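Q: Here you go, one structure.
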Amino acid sequence: MTDSFVKDKDSVSEGQLFRQTKKWGFLALLCLSQLGQLYNSQAIPTLQVPMEKEMEMDDVKYSYLVIAETLPGFIAPLFGGYLVDYFGASKSFITTNLFIIIGQAICTLGAYQKSLFLFIIGKMMFNSAAEAAQLARSKIVRIWYINNDVGRALGAAVVMQTMAVIVCDLVYPNLYTLTQSLGFPFLMGVFVCIISAFFCLRCVTVHKQLLRLEGGASALNEGNEAISFKVIAKFPKIIWLLLAAASFGVDAFIIVKLYLSKWIQTSYDFSIGEAGAFLAFSSILTGVATPVAGILTDRYGKLPLFLILSIGLIQAGVASLIILPTCVHCMLPAIPVAFLSMGLGPLFIAGYSALVRIIDEKELGMATALIPVVISAEVIVLVLISGRVADATFASSGYTWVFTLALIVGMIGITLGFIVQAADTRGDKKLQSKNKAQSMLELSATQTEISDEGSERSEV
C-alpha cells in the first residue's frame, strides 16, 4: 500500500518537479526569445533627430509616424488574442517571431531608401507581430508560474529584458554616429531578431515537454476552440477601471518618452549618443525597481495601492521635466529620468498581477489583449494632440506644454487608481490579499511557532 502511494505521488508530481527544476532556466530562454523585439523597440525615439532630418519630418509628421507605430496595438491585439487562445501559445509564439523578422527587414529597407512609407509598413508588421507574441508569452508564463511566482517571474524577466533596451538606447544612436547610415542600425536589428527566433524554438520545445509531462499527448493541444469575443462582455466590471487607471499612467510615460531624447539634446546640449546613455540609465533603474515591486506585490498584495504609487513616481518625473532649469552638460536630466524609470516597471507588475487574479487562464489571452488596445486607442489621440502642441510651442517654450499634457493624463490615472482601490475593497478583495502560497508559508510558520511554544511549555 505504501509503495502504491509513493508511485501515485511520483506520477502526479512529475510535471511539477520538471517545472520547479526548469522554471528559471526557462525564464531565461523566454526573455532571450524576445530579445529582437525589445532591442528594436526604442529605435524611433532614440533616433528622432536624425530621422526627422533624413526623412524630412517635423514634429507633426513625427507624430504621424508614432501613430502608425501605435496603430497595431489598437487593431492587432484583440484578433491576436483570439488566435492565441484558439491555436494555443506554442504555434502562435513561433509564427509571431517569424513575422517580427520580416517586419524589421522591411523597416531596414525603408531606412536605407529613406522611404517613410516602407518604414511605416515594416513597423506596423513588426509591432502587430510583437503584440501577438506578447500575448502568447503571457499564456506561457501563466502555465509555468503559479500565483506565488508570478510577481517574481515578471520582475526577473524585466531585469533581463531591460538589458535589451539598454543595448538599444546605446547601440542604435552610436551605430548611426559611427556610420552616418540610417539603415545600418536597423540591419543589425534584423540579425538580433534572427538570433531571438532560435531561442524561441528552444523555448517552445521545453514548454511542450512540460505539457506532455503534466497532461500527456492530449495536453499538447493548447488551443481553445470554444473561445469567443463574447467572453469580453462577461469580464468583471472592475477590469475596466483597472485598465483605465493603468493605461493613463502608461500614456503619461509614453508622451514624455517620445520627446525625451530630443529634450535632453536641445535643453542640455548633449549629443545623440550621450542622450542615449541617459535612456540606458533609465532602463537600468527600471530593471532594479521592477523585481523589487514583484517581490513586494507577492508579499503584501494591495495591488491598487502599488498601481497608484507607480503612477505617482511617473508623475514626479513629469513634473520635474517641467520645473527643472536648463544648463549645459549638467546631470539634472537624471532626476526626471530616475522617477519615470522607477515607476514604469512596477506599474506593469501591479497591472498584470491584478489581471491574473481576476481572469481565468483560459481567457487570459483575450484579457491581456485589452491592455495594448486601450493604451493604443488613447495614445493615438494623445499623440495627435501632443504633436500639434509641440509643433506650435517648441520654438518658444520647448516641450513644456507637451509635458503638461502628460501631467494631466497621469493625474487622471491616479484618480482612477483610487477608484479601483475603493471598488475592490467594497467587493471580493481579490486585489488586496497576498498570494495564496505566501499566505500558506506564513500560516505554516505560525503553526511551527505555536508547536515549538507548546513543546517548550510541555518541557517546563
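Ordered as shown in the C-alpha cells, chains take letters A, B, and onward, while each chain numbers its residues from 1 and ligands are numbered from 1 in the order shown.
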For Phe18 in chain A, find every residue with an atom within 10 Å (counting only C-alpha atoms), except residues of its own chain fewer than 3 positions away, and show them as a list in words.

A: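 Surrounding residues, per the criterion: Ser13, Glu14, Gly15, Thr21, Lys22, Lys23, Val206, Gln209, Leu210, Leu213 and Glu214 of chain A.
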
Q: Selection from above, N, CA and C atoms, as an mmCIF file, in the first residue's frame, can you write it?

A:
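Wrote again_11.cif, looks like this:
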data_model
loop_
_atom_site.group_PDB
_atom_site.id
_atom_site.type_symbol
_atom_site.label_atom_id
_atom_site.label_comp_id
_atom_site.auth_asym_id
_atom_site.auth_seq_id
_atom_site.Cartn_x
_atom_site.Cartn_y
_atom_site.Cartn_z
ATOM 1 N N SER A 13 3.452 14.246 -9.430
ATOM 2 C CA SER A 13 4.369 15.370 -9.244
ATOM 3 C C SER A 13 5.449 15.458 -10.314
ATOM 4 N N GLU A 14 5.431 14.599 -11.310
ATOM 5 C CA GLU A 14 6.495 14.604 -12.315
ATOM 6 C C GLU A 14 6.549 15.928 -13.065
ATOM 7 N N GLY A 15 5.377 16.414 -13.499
ATOM 8 C CA GLY A 15 5.333 17.700 -14.196
ATOM 9 C C GLY A 15 5.710 18.847 -13.283
ATOM 10 N N THR A 21 12.396 22.551 -11.386
ATOM 11 C CA THR A 21 13.825 22.475 -11.724
ATOM 12 C C THR A 21 14.187 23.301 -12.953
ATOM 13 N N LYS A 22 13.200 23.532 -13.822
ATOM 14 C CA LYS A 22 13.490 24.209 -15.094
ATOM 15 C C LYS A 22 12.992 25.648 -15.171
ATOM 16 N N LYS A 23 12.176 26.098 -14.198
ATOM 17 C CA LYS A 23 11.435 27.341 -14.391
ATOM 18 C C LYS A 23 12.329 28.577 -14.575
ATOM 19 N N VAL A 206 10.932 23.180 -24.799
ATOM 20 C CA VAL A 206 10.893 22.929 -23.352
ATOM 21 C C VAL A 206 9.455 23.042 -22.840
ATOM 22 N N GLN A 209 7.553 19.951 -23.459
ATOM 23 C CA GLN A 209 7.943 18.893 -22.524
ATOM 24 C C GLN A 209 7.121 18.969 -21.238
ATOM 25 N N LEU A 210 6.932 20.187 -20.729
ATOM 26 C CA LEU A 210 6.122 20.367 -19.527
ATOM 27 C C LEU A 210 4.684 19.932 -19.766
ATOM 28 N N LEU A 213 4.392 16.159 -19.818
ATOM 29 C CA LEU A 213 4.529 15.541 -18.503
ATOM 30 C C LEU A 213 3.293 15.760 -17.635
ATOM 31 N N GLU A 214 2.649 16.903 -17.803
ATOM 32 C CA GLU A 214 1.510 17.216 -16.947
ATOM 33 C C GLU A 214 0.200 16.620 -17.454
#

Q: Mind checking which residues fall within 10 Å of Pro333 in chain A, counting only C-alpha atoms, ignoring those fewer than 4 positions away in the same chain, and posting them as a list in words?

A: Leu260, Trp263, Ile264, Ser267, Tyr268, Ala275, Phe278, Gly317, Ser320, Leu321, Leu324, Pro325, Thr326, Cys327, His329, Val337 and Ala338 of chain A

Q: Using the selection just defined, write its residues with N, CA and C atoms as a CSV table (one decimal), in the first residue's frame.

A:
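Once written, out-v8.csv looks like this:
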chain,number,residue,atom,x,y,z
A,260,LEU,N,11.8,62.6,-25.1
A,260,LEU,CA,12.8,62.7,-24.0
A,260,LEU,C,14.2,62.9,-24.6
A,263,TRP,N,14.6,66.3,-26.0
A,263,TRP,CA,14.6,67.3,-24.9
A,263,TRP,C,16.0,67.3,-24.2
A,264,ILE,N,16.6,66.2,-24.0
A,264,ILE,CA,17.9,66.1,-23.4
A,264,ILE,C,19.0,66.8,-24.3
A,267,SER,N,17.9,70.9,-24.6
A,267,SER,CA,17.8,71.6,-23.4
A,267,SER,C,19.2,71.6,-22.6
A,268,TYR,N,20.0,70.5,-22.8
A,268,TYR,CA,21.2,70.4,-22.0
A,268,TYR,C,22.4,70.2,-22.9
A,275,ALA,N,22.7,61.4,-25.1
A,275,ALA,CA,21.2,61.2,-24.7
A,275,ALA,C,20.8,59.8,-24.6
A,278,PHE,N,21.7,58.4,-21.2
A,278,PHE,CA,20.6,58.7,-20.2
A,278,PHE,C,19.5,57.8,-20.3
A,317,GLY,N,8.3,62.4,-12.1
A,317,GLY,CA,9.3,62.6,-13.2
A,317,GLY,C,8.8,63.6,-14.2
A,320,SER,N,9.1,67.2,-12.7
A,320,SER,CA,10.4,67.7,-12.7
A,320,SER,C,10.9,68.1,-14.1
A,321,LEU,N,10.4,67.4,-15.1
A,321,LEU,CA,10.7,67.9,-16.5
A,321,LEU,C,10.3,69.3,-16.8
A,324,LEU,N,12.5,71.9,-13.9
A,324,LEU,CA,13.9,71.9,-13.9
A,324,LEU,C,14.5,73.0,-14.8
A,325,PRO,N,15.5,73.7,-14.3
A,325,PRO,CA,16.2,74.7,-15.2
A,325,PRO,C,17.1,74.1,-16.2
A,326,THR,N,17.4,74.8,-17.3
A,326,THR,CA,18.3,74.2,-18.3
A,326,THR,C,19.7,74.6,-18.0
A,327,CYS,N,20.7,73.8,-18.5
A,327,CYS,CA,22.1,74.1,-18.3
A,327,CYS,C,22.8,73.3,-19.3
A,329,HIS,N,25.5,70.5,-20.3
A,329,HIS,CA,26.2,69.3,-19.9
A,329,HIS,C,26.1,69.1,-18.4
A,337,VAL,N,14.5,61.3,-15.3
A,337,VAL,CA,14.7,60.0,-15.9
A,337,VAL,C,14.6,58.9,-14.8
A,338,ALA,N,15.1,59.2,-13.6
A,338,ALA,CA,15.0,58.3,-12.5
A,338,ALA,C,13.6,58.1,-12.0

Q: Show me, as JSON, numbers by chain, the residues that have an atom within 12 Å of Phe126 in chain A when counting only C-alpha atoms, minus same-chain residues fewer than 2 positions from it.

A: {"A": [36, 37, 38, 40, 41, 68, 69, 70, 71, 72, 73, 76, 96, 97, 98, 99, 100, 101, 102, 103, 104, 105, 106, 107, 108, 119, 120, 121, 122, 123, 124, 128, 129, 130, 131, 132, 133, 189, 190, 193]}

Q: From the options A:Gln180, A:Thr297, A:Ser341, A:Thr425, which residue's atoms come nearest to Ser353 in chain A, counting only C-alpha atoms?

A: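 Selected residue with least distance to Ser353 in chain A: A:Thr297.
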
Q: Which residues are close to range 391-397 of chain A, i.e. within 8 Å by only C-alpha atoms, leaving aside same-chain residues fewer than 6 positions away? Reply as number ranges by chain.

A: A: 58-60

Q: So that I can check the surroundings of Ile308 in chain A, please list as a list in words every protein, DNA and RNA residue that reaches within 9 Å of it, counting only C-alpha atoms and ignoring chain neighbours fewer than 5 positions away.

A: Ala245, Ala246, Gly249, Leu303, Leu313, Leu347, Gly413, Ile414, Thr415, Leu416, Gly417 and Phe418 of chain A

Q: Quick one: write out the picked residues with N, CA and C atoms as a compact mmCIF listing (two decimals), in the first residue's frame?

A:
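Contents of the output file out.txt:
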# COMPACT_ATOMS: atom_id res chain seq x y z
N ALA A 245 -7.07 52.98 -15.32
CA ALA A 245 -6.07 53.57 -14.43
C ALA A 245 -4.65 53.28 -14.92
N ALA A 246 -4.38 52.01 -15.23
CA ALA A 246 -3.03 51.63 -15.67
C ALA A 246 -2.68 52.29 -17.01
N GLY A 249 -1.70 55.95 -16.80
CA GLY A 249 -0.35 56.06 -16.26
C GLY A 249 0.70 55.79 -17.31
N LEU A 303 -2.61 45.51 -4.52
CA LEU A 303 -2.18 45.84 -5.89
C LEU A 303 -2.63 47.23 -6.35
N LEU A 313 5.10 57.96 -9.11
CA LEU A 313 6.52 58.13 -9.45
C LEU A 313 6.68 58.70 -10.86
N LEU A 347 4.53 49.61 -12.44
CA LEU A 347 3.17 49.82 -12.95
C LEU A 347 2.69 48.60 -13.73
N GLY A 413 -5.05 59.01 -14.27
CA GLY A 413 -4.72 57.64 -13.91
C GLY A 413 -4.69 57.43 -12.41
N ILE A 414 -4.09 58.36 -11.65
CA ILE A 414 -4.03 58.25 -10.20
C ILE A 414 -5.44 58.27 -9.60
N THR A 415 -6.29 59.17 -10.10
CA THR A 415 -7.66 59.25 -9.61
C THR A 415 -8.40 57.93 -9.83
N LEU A 416 -8.25 57.36 -11.01
CA LEU A 416 -8.89 56.08 -11.30
C LEU A 416 -8.32 54.95 -10.44
N GLY A 417 -7.04 55.05 -10.10
CA GLY A 417 -6.43 54.06 -9.22
C GLY A 417 -7.10 54.03 -7.85
N PHE A 418 -7.41 55.20 -7.30
CA PHE A 418 -8.11 55.26 -6.02
C PHE A 418 -9.53 54.68 -6.15

Q: Would you please work out which residue, of A:Gly410, A:Gly183, A:Gly398, A:Pro45, is nearest to Leu340 in chain A when using only C-alpha atoms?

A: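 Under the stated criterion, the closest residue is A:Gly410.
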
Q: Can you pull out every residue within 12 Å of Pro236 in chain A, counting only C-alpha atoms, but drop anything in the same chain fewer than 5 positions away, and send it as a list in words?

A: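 In the requested format, the answer is Val231, Leu241, Leu242, Leu243, Leu355, Arg357, Ile358, Ile359, Asp360, Ala367, Ala423, Asp424, Gly427, Asp428 and Lys430 of chain A.
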
Q: Which one of A:Ser63, A:Asn174, A:Gln34, A:Gln315 sits closest to Ser386 in chain A if you count only C-alpha atoms?

A: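 Nearest to Ser386 in chain A: A:Ser63.
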